[in-house]
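Engineer: Structure file final_16.pdb (PDB, C-alpha atoms) right here:
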ATOM      1  CA  MET A   1      12.400  41.980 -10.956
ATOM      2  CA  SER A   2      15.831  43.088 -12.146
ATOM      3  CA  TYR A   3      16.670  41.853 -15.641
ATOM      4  CA  CYS A   4      20.108  43.407 -15.908
ATOM      5  CA  PRO A   5      22.329  45.559 -13.671
ATOM      6  CA  PHE A   6      22.387  48.291 -16.350
ATOM      7  CA  PHE A   7      18.592  48.682 -16.445
ATOM      8  CA  GLN A   8      16.146  49.836 -13.798
ATOM      9  CA  THR A   9      12.756  48.122 -13.924
ATOM     10  CA  LEU A  10       9.988  50.742 -13.727
ATOM     11  CA  HIS A  11       7.038  48.435 -14.396
ATOM     12  CA  ASP A  12       6.950  44.680 -14.717
ATOM     13  CA  GLU A  13       4.150  42.344 -15.632
ATOM     14  CA  THR A  14       5.535  38.848 -15.262
ATOM     15  CA  ARG A  15       2.463  36.946 -16.407
ATOM     16  CA  PRO A  16      -0.040  37.282 -19.222
ATOM     17  CA  VAL A  17      -2.875  39.757 -18.696
ATOM     18  CA  GLY A  18      -5.882  40.696 -20.779
ATOM     19  CA  ASN A  19      -7.204  39.069 -23.905
ATOM     20  CA  LEU A  20      -4.702  40.101 -26.573
ATOM     21  CA  GLY A  21      -3.222  37.002 -28.153
ATOM     22  CA  ARG A  22      -2.650  34.308 -25.569
ATOM     23  CA  GLY A  23      -1.562  36.688 -22.871
ATOM     24  CA  THR A  24       0.529  39.615 -23.988
ATOM     25  CA  HIS A  25       2.061  41.723 -21.221
ATOM     26  CA  TYR A  26       4.799  44.327 -20.885
ATOM     27  CA  SER A  27       7.633  45.733 -18.809
ATOM     28  CA  VAL A  28       9.148  49.208 -18.810
ATOM     29  CA  LEU A  29      12.880  49.562 -18.225
ATOM     30  CA  ARG A  30      15.138  52.608 -17.851
ATOM     31  CA  ALA A  31      18.756  52.834 -19.005
ATOM     32  CA  PRO A  32      21.332  55.634 -19.007
ATOM     33  CA  VAL A  33      22.320  56.558 -22.574
ATOM     34  CA  TRP A  34      24.900  58.926 -24.029
ATOM     35  CA  HIS A  35      23.275  59.476 -27.448
ATOM     36  CA  ASP A  36      20.016  61.103 -28.467
ATOM     37  CA  GLU A  37      17.480  59.249 -30.600
ATOM     38  CA  PHE A  38      19.333  60.330 -33.780
ATOM     39  CA  MET A  39      22.575  58.866 -32.411
ATOM     40  CA  ASN A  40      24.157  62.266 -31.739
ATOM     41  CA  ARG A  41      26.555  62.148 -28.809
ATOM     42  CA  LEU A  42      25.277  63.911 -25.677
ATOM     43  CA  GLU A  43      27.470  65.958 -23.360
ATOM     44  CA  ARG A  44      25.778  64.335 -20.351
ATOM     45  CA  CYS A  45      23.916  61.096 -20.061
ATOM     46  CA  THR A  46      20.147  61.015 -20.070
ATOM     47  CA  PHE A  47      17.712  58.256 -19.237
ATOM     48  CA  LEU A  48      15.842  56.226 -21.808
ATOM     49  CA  ASP A  49      12.596  54.507 -20.870
ATOM     50  CA  PHE A  50      11.638  51.673 -23.215
ATOM     51  CA  ALA A  51       9.077  48.890 -23.166
ATOM     52  CA  ILE A  52       9.395  45.182 -23.687
ATOM     53  CA  ILE A  53       6.262  43.548 -25.052
ATOM     54  CA  TRP A  54       6.231  39.926 -23.934
ATOM     55  CA  ASP A  55       4.231  37.044 -25.325
ATOM     56  CA  GLU A  56       2.765  34.406 -23.042
ATOM     57  CA  ASP A  57       6.027  32.638 -22.169
ATOM     58  CA  HIS A  58       7.895  35.777 -20.967
ATOM     59  CA  ASP A  59      11.110  34.598 -22.639
ATOM     60  CA  ASP A  60      13.725  36.830 -21.035
ATOM     61  CA  ARG A  61      16.341  35.971 -23.669
ATOM     62  CA  VAL A  62      15.133  39.216 -25.267
ATOM     63  CA  ILE A  63      17.271  40.926 -22.605
ATOM     64  CA  ASP A  64      20.369  39.496 -24.329
ATOM     65  CA  ALA A  65      19.380  41.232 -27.574
ATOM     66  CA  ILE A  66      18.721  44.473 -25.704
ATOM     67  CA  MET A  67      22.142  44.199 -24.054
ATOM     68  CA  VAL A  68      23.813  43.830 -27.465
ATOM     69  CA  LEU A  69      22.081  47.037 -28.599
ATOM     70  CA  TYR A  70      22.994  48.769 -25.355
ATOM     71  CA  ILE A  71      26.695  47.923 -25.240
ATOM     72  CA  SER A  72      26.932  48.821 -28.945
ATOM     73  CA  GLY A  73      25.495  52.266 -28.212
ATOM     74  CA  LEU A  74      22.422  51.593 -30.355
ATOM     75  CA  LEU A  75      19.615  51.587 -27.792
ATOM     76  CA  ALA A  76      18.830  55.339 -27.803
ATOM     77  CA  PRO A  77      16.325  55.340 -30.722
ATOM     78  CA  VAL A  78      14.488  52.254 -29.420
ATOM     79  CA  ARG A  79      11.053  52.712 -27.833
ATOM     80  CA  TYR A  80       9.568  49.201 -27.839
ATOM     81  CA  ILE A  81      11.006  45.740 -28.244
ATOM     82  CA  GLY A  82       8.735  42.772 -28.641
ATOM     83  CA  GLU A  83       9.329  39.054 -28.805
ATOM     84  CA  ARG A  84       6.771  36.684 -30.258
ATOM     85  CA  LYS A  85       7.373  33.090 -31.312
ATOM     86  CA  GLY A  86      11.127  33.605 -31.632
ATOM     87  CA  THR A  87      10.854  36.809 -33.684
ATOM     88  CA  LEU A  88      12.235  40.059 -32.307
ATOM     89  CA  SER A  89      10.524  43.305 -33.320
ATOM     90  CA  VAL A  90      12.133  46.667 -32.586
ATOM     91  CA  LEU A  91      10.112  49.882 -32.853
ATOM     92  CA  LEU A  92      12.068  53.105 -33.087
ATOM     93  CA  ALA A  93      11.154  56.657 -32.150
ATOM     94  CA  PRO A  94       8.806  58.098 -34.818
ATOM     95  CA  ASP A  95      11.126  61.002 -35.736
ATOM     96  CA  VAL A  96      13.962  58.565 -36.378
ATOM     97  CA  VAL A  97      11.874  56.563 -38.821
ATOM     98  CA  ARG A  98      10.882  59.742 -40.680
ATOM     99  CA  ARG A  99      14.428  61.190 -40.860
ATOM    100  CA  TRP A 100      16.717  58.221 -41.370
ATOM    101  CA  ASP A 101      17.236  56.973 -44.888
ATOM    102  CA  PRO A 102      16.184  53.379 -45.674
ATOM    103  CA  GLU A 103      19.787  52.114 -45.732
ATOM    104  CA  THR A 104      20.470  53.410 -42.212
ATOM    105  CA  LEU A 105      17.221  51.886 -40.945
ATOM    106  CA  GLU A 106      18.117  48.546 -42.495
ATOM    107  CA  GLN A 107      21.464  48.526 -40.677
TER     108      GLN A 107
END
Please render this file's structure as structure tokens.

Structural biologist:
Amino acid sequence: MSYCPFFQTLHDETRPVGNLGRGTHYSVLRAPVWHDEFMNRLERCTFLDFAIIWDEDHDDRVIDAIMVLYISGLLAPVRYIGERKGTLSVLLAPDVVRRWDPETLEQ
């Protein structure tokens, strides 16, 4: 399934699997980015692979939030994005969390 013309779908589970929660599942998408995980501009684009962790209803409105990050140039440090009961969780690359100051992380 293609969620957005800017992202390539590498793996897609469209329905709940396993016994975690009421059917958690995931997708892996790839996007071209022009910043490294610390938001330093790159001379050439690179590809970012990131996961979406879905809850049982596979609410693809999470793609809208990802698009806002992407078009704002803020997707590069993201590794996982999860949606559960209307709450969006964004997990960043571990080195980013260790290096960035709390104020930058809050933004």

Engineer: Find the residues around His11 of chain A up to 10 Å (all atoms listed in the file counted), leave out those fewer than 3 positions away in its own chain, and share them as a ChimeraX atom specification.

Structural biologist: /A:1,8,14,26-30,51

Engineer: Assuming 4 Å of padding per side, give the centre and edge lengths of the axis-aligned box around every listed atom of segment 1-11 of chain A, in Å to one decimal and as JSON.

Structural biologist:
{"center_x": 14.7, "center_y": 46.3, "center_z": -13.7, "size_x": 23.3, "size_y": 16.9, "size_z": 13.5}

Engineer: Would you pick out the contacts of Leu88 of chain A at 9 Å or less, using all atoms listed in the file, so that residues sharing its chain but fewer than 6 positions from it are not included, and give the list as a PDB file with C-alpha atoms, in the frame of the given file?

Structural biologist:
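The result, stored in out.pdb:
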ATOM      1  CA  VAL A  62      15.133  39.216 -25.267  1.00  0.00           C
ATOM      2  CA  ALA A  65      19.380  41.232 -27.574  1.00  0.00           C
ATOM      3  CA  ILE A  81      11.006  45.740 -28.244  1.00  0.00           C
ATOM      4  CA  GLY A  82       8.735  42.772 -28.641  1.00  0.00           C
TER       5      GLY A  82
END

Engineer: Quick one: distance from atom CA of Leu10 of chain A to atom CA of Arg41 of chain A in Å, one decimal?

Structural biologist: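 Going from atom CA of Leu10 of chain A over to atom CA of Arg41 of chain A, I get 25.1 Å.
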
Engineer: Pick from A:Trp100, A:Tyr80, A:Phe50, A:Tyr70: nearest to Thr9 of chain A, with only C-alpha atoms counted?

Structural biologist: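 Closest residue, counting only C-alpha atoms: A:Phe50.
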
Engineer: Compare A:Glu106, A:Arg61, A:Ala76, A:Asn40 by their minimum atom-to-atom distance to Ala93 of chain A, counting all atoms listed in the file, and give me the closest one.

Structural biologist: A:Ala76
